[in-house]
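Novice: final35.txt is reproduced in full below (compact mmCIF, C-alpha atoms).
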# COMPACT_ATOMS: atom_id res chain seq x y z
CA MET V 1 -0.37 -4.12 -28.61
CA ARG V 2 -1.63 -6.38 -25.80
CA ASN V 3 -0.43 -9.48 -27.65
CA ILE V 4 3.03 -7.97 -28.04
CA TYR V 5 3.22 -7.13 -24.34
CA MET V 6 1.93 -10.52 -23.24
CA GLY V 7 4.44 -12.07 -25.59
CA VAL V 8 7.19 -10.33 -23.65
CA LEU V 9 5.77 -11.80 -20.45
CA GLY V 10 5.62 -15.23 -22.04
CA VAL V 11 9.28 -15.14 -23.06
CA ALA V 12 10.22 -13.87 -19.61
CA ALA V 13 8.42 -16.81 -18.02
CA LEU V 14 10.92 -19.14 -19.67
CA THR V 15 13.74 -17.51 -17.71
CA ALA V 16 11.94 -17.21 -14.37
CA GLY V 17 13.67 -20.31 -13.04
CA SER V 18 17.00 -18.49 -13.04
CA ILE V 19 15.74 -16.42 -10.11
CA GLY V 20 15.94 -19.55 -7.96
CA PRO V 21 16.32 -18.38 -4.33
CA VAL V 22 13.26 -16.11 -4.56
CA PHE V 23 11.14 -19.25 -4.80
CA ALA V 24 13.21 -21.70 -2.75
CA ALA V 25 13.57 -19.72 0.49
CA ASP V 26 11.59 -20.18 3.68
CA TRP V 27 10.05 -16.71 4.01
CA GLY V 28 8.64 -17.12 7.51
CA LYS V 29 6.16 -14.38 8.42
CA TYR V 30 6.35 -12.92 4.90
CA GLU V 31 4.47 -15.92 3.50
CA VAL V 32 0.97 -16.84 4.69
CA GLU V 33 -0.68 -19.83 2.99
CA ASP V 34 -0.46 -19.01 -0.74
CA ARG V 35 0.22 -15.30 -0.22
CA ARG V 36 3.67 -13.71 -0.26
CA SER V 37 4.74 -10.19 0.54
CA GLY V 38 6.58 -8.11 -2.03
CA TYR V 39 9.50 -8.40 0.38
CA THR V 40 10.03 -11.95 -0.93
CA TYR V 41 10.31 -10.71 -4.51
CA ALA V 42 12.85 -8.00 -3.71
CA ALA V 43 16.60 -8.33 -4.13
CA LYS V 44 18.55 -9.25 -1.01
CA GLU V 45 20.21 -5.84 -0.98
CA THR V 46 16.79 -4.18 -0.94
CA ARG V 47 15.55 -6.44 1.85
CA ASP V 48 18.66 -5.61 3.89
CA ILE V 49 17.88 -1.89 3.62
CA GLN V 50 14.33 -2.43 4.85
CA ASP V 51 15.42 -4.66 7.72
CA ASP V 52 17.69 -2.03 9.26
CA ASP V 53 15.84 1.02 10.61
CA PHE V 54 19.05 3.03 10.41
CA GLU V 55 19.46 2.17 6.73
CA ASN V 56 15.79 2.39 5.75
CA PRO V 57 15.44 5.89 4.23
CA ALA V 58 11.66 5.89 4.80
CA MET V 59 12.19 6.07 8.56
CA ILE V 60 12.78 9.79 8.04
CA TRP V 61 9.07 10.10 7.26
CA VAL V 62 8.20 8.08 10.35
CA ASP V 63 10.29 10.44 12.50
CA ASP V 64 8.60 13.45 10.92
CA GLY V 65 5.22 11.85 11.57
CA SER V 66 6.10 11.41 15.22
CA ASN V 67 6.68 15.15 15.47
CA LEU V 68 3.42 15.91 13.66
CA TRP V 69 1.54 13.61 16.04
CA ASN V 70 2.37 15.93 18.92
CA GLN V 71 2.12 19.20 17.01
CA VAL V 72 -0.80 21.46 17.99
CA GLU V 73 -2.60 22.82 14.94
CA GLY V 74 -5.95 24.31 14.02
CA GLU V 75 -8.53 26.48 15.73
CA ALA V 76 -9.31 23.79 18.31
CA GLY V 77 -5.77 23.97 19.67
CA LYS V 78 -5.30 20.23 19.52
CA SER V 79 -2.77 17.70 18.31
CA CYS V 80 -3.36 14.07 17.36
CA ALA V 81 -2.01 13.14 20.79
CA SER V 82 -4.65 15.32 22.47
CA CYS V 83 -7.28 12.70 21.59
CA HIS V 84 -5.26 9.54 20.92
CA ASN V 85 -2.46 9.85 23.49
CA ASP V 86 0.44 7.45 22.81
CA ALA V 87 0.33 6.25 19.23
CA ASP V 88 2.07 2.98 20.00
CA VAL V 89 -0.99 2.03 22.05
CA SER V 90 -3.92 3.77 20.34
CA MET V 91 -2.72 3.02 16.79
CA LYS V 92 -1.47 -0.50 17.46
CA THR V 93 -3.83 -2.13 14.95
CA ALA V 94 -5.14 0.82 12.90
CA GLY V 95 -2.63 0.36 10.11
CA ALA V 96 -3.73 -3.25 9.65
CA GLU V 97 -7.47 -2.54 9.53
CA TYR V 98 -7.95 0.20 6.92
CA PRO V 99 -9.80 0.86 4.66
CA LYS V 100 -12.91 0.80 6.84
CA HIS V 101 -16.53 1.62 6.09
CA SER V 102 -17.43 5.13 7.22
CA ALA V 103 -20.92 5.69 8.56
CA LYS V 104 -20.41 9.41 7.99
CA THR V 105 -19.77 9.16 4.25
CA GLY V 106 -21.48 5.86 3.51
CA LYS V 107 -18.34 4.73 1.66
CA MET V 108 -15.01 3.12 2.38
CA GLN V 109 -12.43 5.35 4.01
CA ASN V 110 -8.71 4.74 3.93
CA LEU V 111 -6.10 5.89 6.42
CA GLU V 112 -5.24 9.11 4.62
CA GLN V 113 -8.89 10.11 4.52
CA ARG V 114 -9.35 9.26 8.21
CA ILE V 115 -6.37 11.41 9.12
CA ASN V 116 -7.83 14.37 7.25
CA GLN V 117 -11.26 13.83 8.80
CA CYS V 118 -9.67 14.08 12.25
CA ARG V 119 -7.82 17.22 11.24
CA GLU V 120 -10.93 18.93 9.90
CA ASP V 121 -13.53 17.76 12.42
CA ASN V 122 -11.55 17.55 15.66
CA MET V 123 -8.57 19.85 15.23
CA LYS V 124 -10.30 22.39 12.98
CA ALA V 125 -7.12 22.33 10.90
CA LYS V 126 -6.56 22.28 7.16
CA PRO V 127 -6.41 18.82 5.61
CA PHE V 128 -3.09 17.54 4.33
CA LYS V 129 -2.67 17.40 0.58
CA TRP V 130 -2.36 13.89 -0.81
CA GLU V 131 1.25 12.84 -1.37
CA SER V 132 2.51 15.87 0.55
CA SER V 133 5.43 15.33 2.90
CA GLN V 134 3.08 15.85 5.86
CA MET V 135 0.53 13.28 4.71
CA LEU V 136 3.20 10.71 3.88
CA ALA V 137 4.86 11.31 7.23
CA MET V 138 1.66 10.94 9.23
CA THR V 139 0.51 7.88 7.30
CA ALA V 140 3.92 6.22 7.59
CA PHE V 141 4.01 6.95 11.33
CA VAL V 142 0.52 5.61 12.01
CA ARG V 143 0.97 2.47 9.93
CA HIS V 144 4.38 1.86 11.49
CA GLN V 145 2.70 1.49 14.88
CA ALA V 146 1.03 -1.64 13.47
CA LYS V 147 4.28 -3.15 12.20
CA ASP V 148 4.09 -6.97 12.18
CA GLN V 149 0.35 -6.91 12.88
CA PRO V 150 -1.51 -9.13 10.38
CA VAL V 151 -3.51 -7.31 7.71
CA ASN V 152 -7.13 -7.73 8.76
CA VAL V 153 -9.67 -5.69 6.80
CA LYS V 154 -13.41 -6.29 7.08
CA ILE V 155 -15.17 -7.11 3.82
CA ASP V 156 -18.61 -8.10 5.09
CA GLY V 157 -21.58 -6.03 6.20
CA PRO V 158 -21.60 -2.50 4.76
CA ALA V 159 -18.15 -3.05 3.23
CA ALA V 160 -19.34 -5.94 1.04
CA PRO V 161 -20.51 -3.98 -2.05
CA PHE V 162 -17.33 -1.89 -2.05
CA PHE V 163 -15.23 -5.04 -1.83
CA GLU V 164 -16.99 -6.38 -4.92
CA LYS V 165 -16.30 -3.12 -6.76
CA GLY V 166 -12.63 -3.35 -5.84
CA LYS V 167 -12.46 -6.95 -7.03
CA ALA V 168 -14.10 -5.99 -10.33
CA PHE V 169 -11.56 -3.18 -10.79
CA PHE V 170 -8.68 -5.58 -10.11
CA GLU V 171 -9.92 -7.99 -12.77
CA GLU V 172 -11.01 -5.48 -15.44
CA ARG V 173 -8.81 -4.98 -18.47
CA ARG V 174 -8.08 -1.34 -19.28
CA GLY V 175 -5.87 0.96 -21.29
CA GLN V 176 -4.23 0.57 -24.67
CA LEU V 177 -2.45 -2.58 -23.46
CA ASP V 178 -5.82 -4.09 -22.47
CA MET V 179 -4.44 -5.44 -19.18
CA SER V 180 -5.80 -5.83 -15.68
CA CYS V 181 -4.10 -5.82 -12.28
CA LYS V 182 -4.77 -9.57 -12.23
CA ASN V 183 -2.80 -10.16 -15.43
CA CYS V 184 0.43 -9.09 -13.76
CA HIS V 185 -0.04 -9.81 -10.08
CA GLU V 186 -1.86 -13.14 -10.20
CA ASP V 187 -1.36 -14.63 -13.65
CA ASN V 188 2.33 -13.68 -13.89
CA ALA V 189 3.60 -13.20 -10.34
CA GLY V 190 7.19 -14.46 -10.29
CA ASN V 191 7.73 -13.81 -14.00
CA MET V 192 9.74 -11.01 -15.53
CA ALA V 193 8.28 -7.98 -17.28
CA ARG V 194 11.31 -6.53 -19.00
CA ALA V 195 13.81 -6.02 -16.15
CA ASN V 196 11.23 -6.20 -13.36
CA LEU V 197 10.24 -9.26 -11.37
CA LEU V 198 6.46 -9.16 -10.98
CA SER V 199 5.24 -9.59 -7.42
CA GLU V 200 1.76 -10.39 -6.14
CA GLY V 201 1.05 -6.68 -5.78
CA GLN V 202 0.50 -6.79 -2.02
CA SER V 203 -0.10 -3.52 -0.15
CA ASN V 204 1.14 -4.37 3.35
CA GLY V 205 4.31 -2.29 2.98
CA PHE V 206 2.77 1.08 2.06
CA PRO V 207 3.70 3.88 2.39
CA THR V 208 6.76 2.46 0.67
CA TYR V 209 10.15 3.90 -0.19
CA ARG V 210 10.71 3.01 -3.84
CA LEU V 211 14.25 3.18 -5.11
CA LYS V 212 12.78 4.29 -8.44
CA TRP V 213 11.06 7.25 -6.76
CA GLN V 214 13.93 8.06 -4.36
CA LYS V 215 11.28 8.90 -1.76
CA ALA V 216 8.32 7.45 0.07
CA GLY V 217 5.02 7.20 -1.74
CA SER V 218 1.44 6.14 -1.14
CA LEU V 219 -0.39 3.10 -2.44
CA HIS V 220 -2.54 5.34 -4.64
CA ARG V 221 0.59 6.70 -6.29
CA ARG V 222 1.45 3.10 -7.15
CA PHE V 223 -2.06 2.47 -8.48
CA ARG V 224 -1.76 5.54 -10.70
CA GLY V 225 1.63 4.40 -11.96
CA CYS V 226 0.30 0.96 -12.83
CA ASN V 227 -2.63 2.48 -14.71
CA SER V 228 -0.23 4.70 -16.65
CA ASN V 229 1.95 1.68 -17.46
CA VAL V 230 -0.93 0.00 -19.30
CA ARG V 231 -1.75 3.31 -21.02
CA ALA V 232 -4.94 3.88 -19.05
CA THR V 233 -6.04 7.21 -17.59
CA PRO V 234 -5.32 7.14 -13.84
CA PHE V 235 -8.02 7.97 -11.31
CA GLY V 236 -7.45 10.70 -8.75
CA TYR V 237 -5.80 10.24 -5.38
CA GLY V 238 -8.44 9.20 -2.87
CA SER V 239 -10.97 8.35 -5.58
CA ASP V 240 -13.72 5.87 -4.75
CA GLU V 241 -12.29 3.53 -7.38
CA TYR V 242 -8.87 3.42 -5.74
CA VAL V 243 -10.18 3.17 -2.17
CA ASN V 244 -12.35 0.20 -3.20
CA LEU V 245 -9.35 -1.34 -4.96
CA GLU V 246 -7.27 -0.72 -1.83
CA LEU V 247 -9.80 -2.73 0.21
CA TYR V 248 -9.67 -5.66 -2.20
CA VAL V 249 -5.87 -5.61 -2.43
CA ALA V 250 -5.58 -5.51 1.38
CA TRP V 251 -7.88 -8.54 1.59
CA ARG V 252 -5.68 -10.38 -0.92
CA GLY V 253 -2.81 -9.90 1.55
CA ARG V 254 -4.80 -10.89 4.66
CA GLY V 255 -2.57 -12.26 7.37
CA LEU V 256 0.63 -10.79 5.95
CA PRO V 257 2.44 -8.49 8.38
CA VAL V 258 2.28 -4.73 8.08
CA GLU V 259 5.78 -3.69 6.96
CA ALA V 260 5.32 0.05 6.61
CA PRO V 261 7.48 1.69 5.62
CA ALA V 262 8.79 -1.01 3.28
CA VAL V 263 11.54 -0.61 0.69
CA ARG V 264 10.99 -1.78 -2.87
CA ASN V 265 12.66 -1.38 -6.24
Let me see whether you can do it: turn the structure in this file into structure tokens.

Specialist:
Amino acid sequence: MRNIYMGVLGVAALTAGSIGPVFAADWGKYEVEDRRSGYTYAAKETRDIQDDDFENPAMIWVDDGSNLWNQVEGEAGKSCASCHNDADVSMKTAGAEYPKHSAKTGKMQNLEQRINQCREDNMKAKPFKWESSQMLAMTAFVRHQAKDQPVNVKIDGPAAPFFEKGKAFFEERRGQLDMSCKNCHEDNAGNMARANLLSEGQSNGFPTYRLKWQKAGSLHRRFRGCNSNVRATPFGYGSDEYVNLELYVAWRGRGLPVEAPAVRN
């Protein structure tokens, strides 16, 4: 099965040159050294939607997140703003720096998990469910405060072993198609897989509004979808495996600007 699928990729590679402008353009901030944002692999019409906040449908989630930021919840009678004040100041770089190592858990912690820790520990409120409208709204709002900030995750010190685990996951073949993340997003970036142009798999635009989904979605939803595509059993939202992978993928896109919420196909 893997040979059949890779054969499809091989045939598609012969037609990749017809894409032309995707490779010829000067992408400015969306290209750093040898790394390119998924923005540069998207159709012009899709890029135009992302570029206009009035057209970008994911901005609805950002607006909802702004309301949640100031909403008092939980037994402590607090909101996010009670501790963090104006998000455009206090969250200016947060969206570019997660996942981070958590001294409390001894593991990597991504932005969704940090939001829920604040809700439980400081607000004494119920955690948001992963992929719920509230979690997507809050994550989109917080990451949006770091828009155009360069992705800058730390991979040394206590984060180092988790980075290595994420790298190993990225390179490990899995599923009935016996494929790894690397097979698509490094070995075949710029080639076609059926009707899809494979990108480098960068994460700087998440949460992302996917036209396929017709809504915003998290990076872990995308991980799960990719695992399903190669006929592998997906891990759970917020699993250690996916948080470690998230760290490695963020490092791969170091220096690229945070675009959240991006628009993709």

Novice: Between V:Ala43, V:Ala76, V:Val32, V:Ala87, which has the minimum distance to Leu197 of chain V (counting all atoms listed in the file)?

Specialist: V:Ala43

Novice: With only C-alpha atoms as the counted atoms, please give the residues lying no more than 12 Å from Glu75 of chain V, apart from itself and same-chain residues fewer than 2 positions off, as a list of chain:residue names.

Specialist: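 That gives V:Val72, V:Glu73, V:Gly77, V:Lys78, V:Ser79, V:Arg119, V:Glu120, V:Asp121, V:Asn122, V:Met123, V:Lys124, V:Ala125, V:Lys126.
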
Novice: Within 10 Å of (2.5, -7.6, 15.0) in the file's own coordinates, which protein, DNA or RNA residues have an atom, counting all atoms listed in the file? List them as a list of chain:residue names.

Specialist: V:Lys92, V:Thr93, V:Ala96, V:Gln145, V:Ala146, V:Lys147, V:Asp148, V:Gln149, V:Pro150, V:Val151, V:Leu256, V:Pro257, V:Val258, V:Glu259

Novice: Atom CA of Val230 of chain V and atom CA of Arg174 of chain V are how many Å apart?

Specialist: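 Atom CA of Arg174 of chain V lies 7.3 Å from atom CA of Val230 of chain V.
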
Novice: So how many Å separate atom CA of Phe54 of chain V and atom CA of Val249 of chain V, to one decimal?

Specialist: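 Atom CA of Val249 of chain V lies 29.3 Å from atom CA of Phe54 of chain V.
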
Novice: Please write as a count of residues only the list of polymer residues whose atoms come within 12 Å of (-12.0, -3.1, -10.7), counting all atoms listed in the file and keeping to the coordinates of the file.

Specialist: 30

Novice: For atom CA of Arg114 of chain V and atom CA of Gln214 of chain V, quote the distance in Å rounded to one decimal.

Specialist: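 Calculated distance between atom CA of Arg114 of chain V and atom CA of Gln214 of chain V is 26.5 Å.
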
Novice: If you count all atoms listed in the file, which residues fall within 10 Å of Ala42 of chain V, apart from same-chain ones fewer than 2 positions away, as a PyMOL selection string?

Specialist: chain V and resi 22+37-40+44-48+196-199+263-265

Novice: Please list as a PyMOL selection string every residue within 8 Å of Met138 of chain V, counting all atoms listed in the file and excluding residues in the same chain fewer than 3 positions away.

Specialist: chain V and resi 61-62+64-66+68-69+134-135+141-142

Novice: Using only C-alpha atoms, find the one residue out of V:Pro207, V:Ile60, V:Ala94, V:Tyr41 that sits nearest to Asn191 of chain V.

Specialist: V:Tyr41

Novice: Just checking: using all atoms listed in the file, which residue out of V:Gly201, V:Thr139, V:Gln109, V:Gly28 ends up closest to Cys226 of chain V?

Specialist: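 Looking at the shortest contact to Cys226 of chain V, the residue is V:Gly201.
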
Novice: Report as a VMD selection string all protein, DNA and RNA residues lying within 8 Å of Tyr237 of chain V, evaluated on only C-alpha atoms, omitting residues in the same chain fewer than 4 positions from it.

Specialist: chain V and resid 130 220 to 221 242
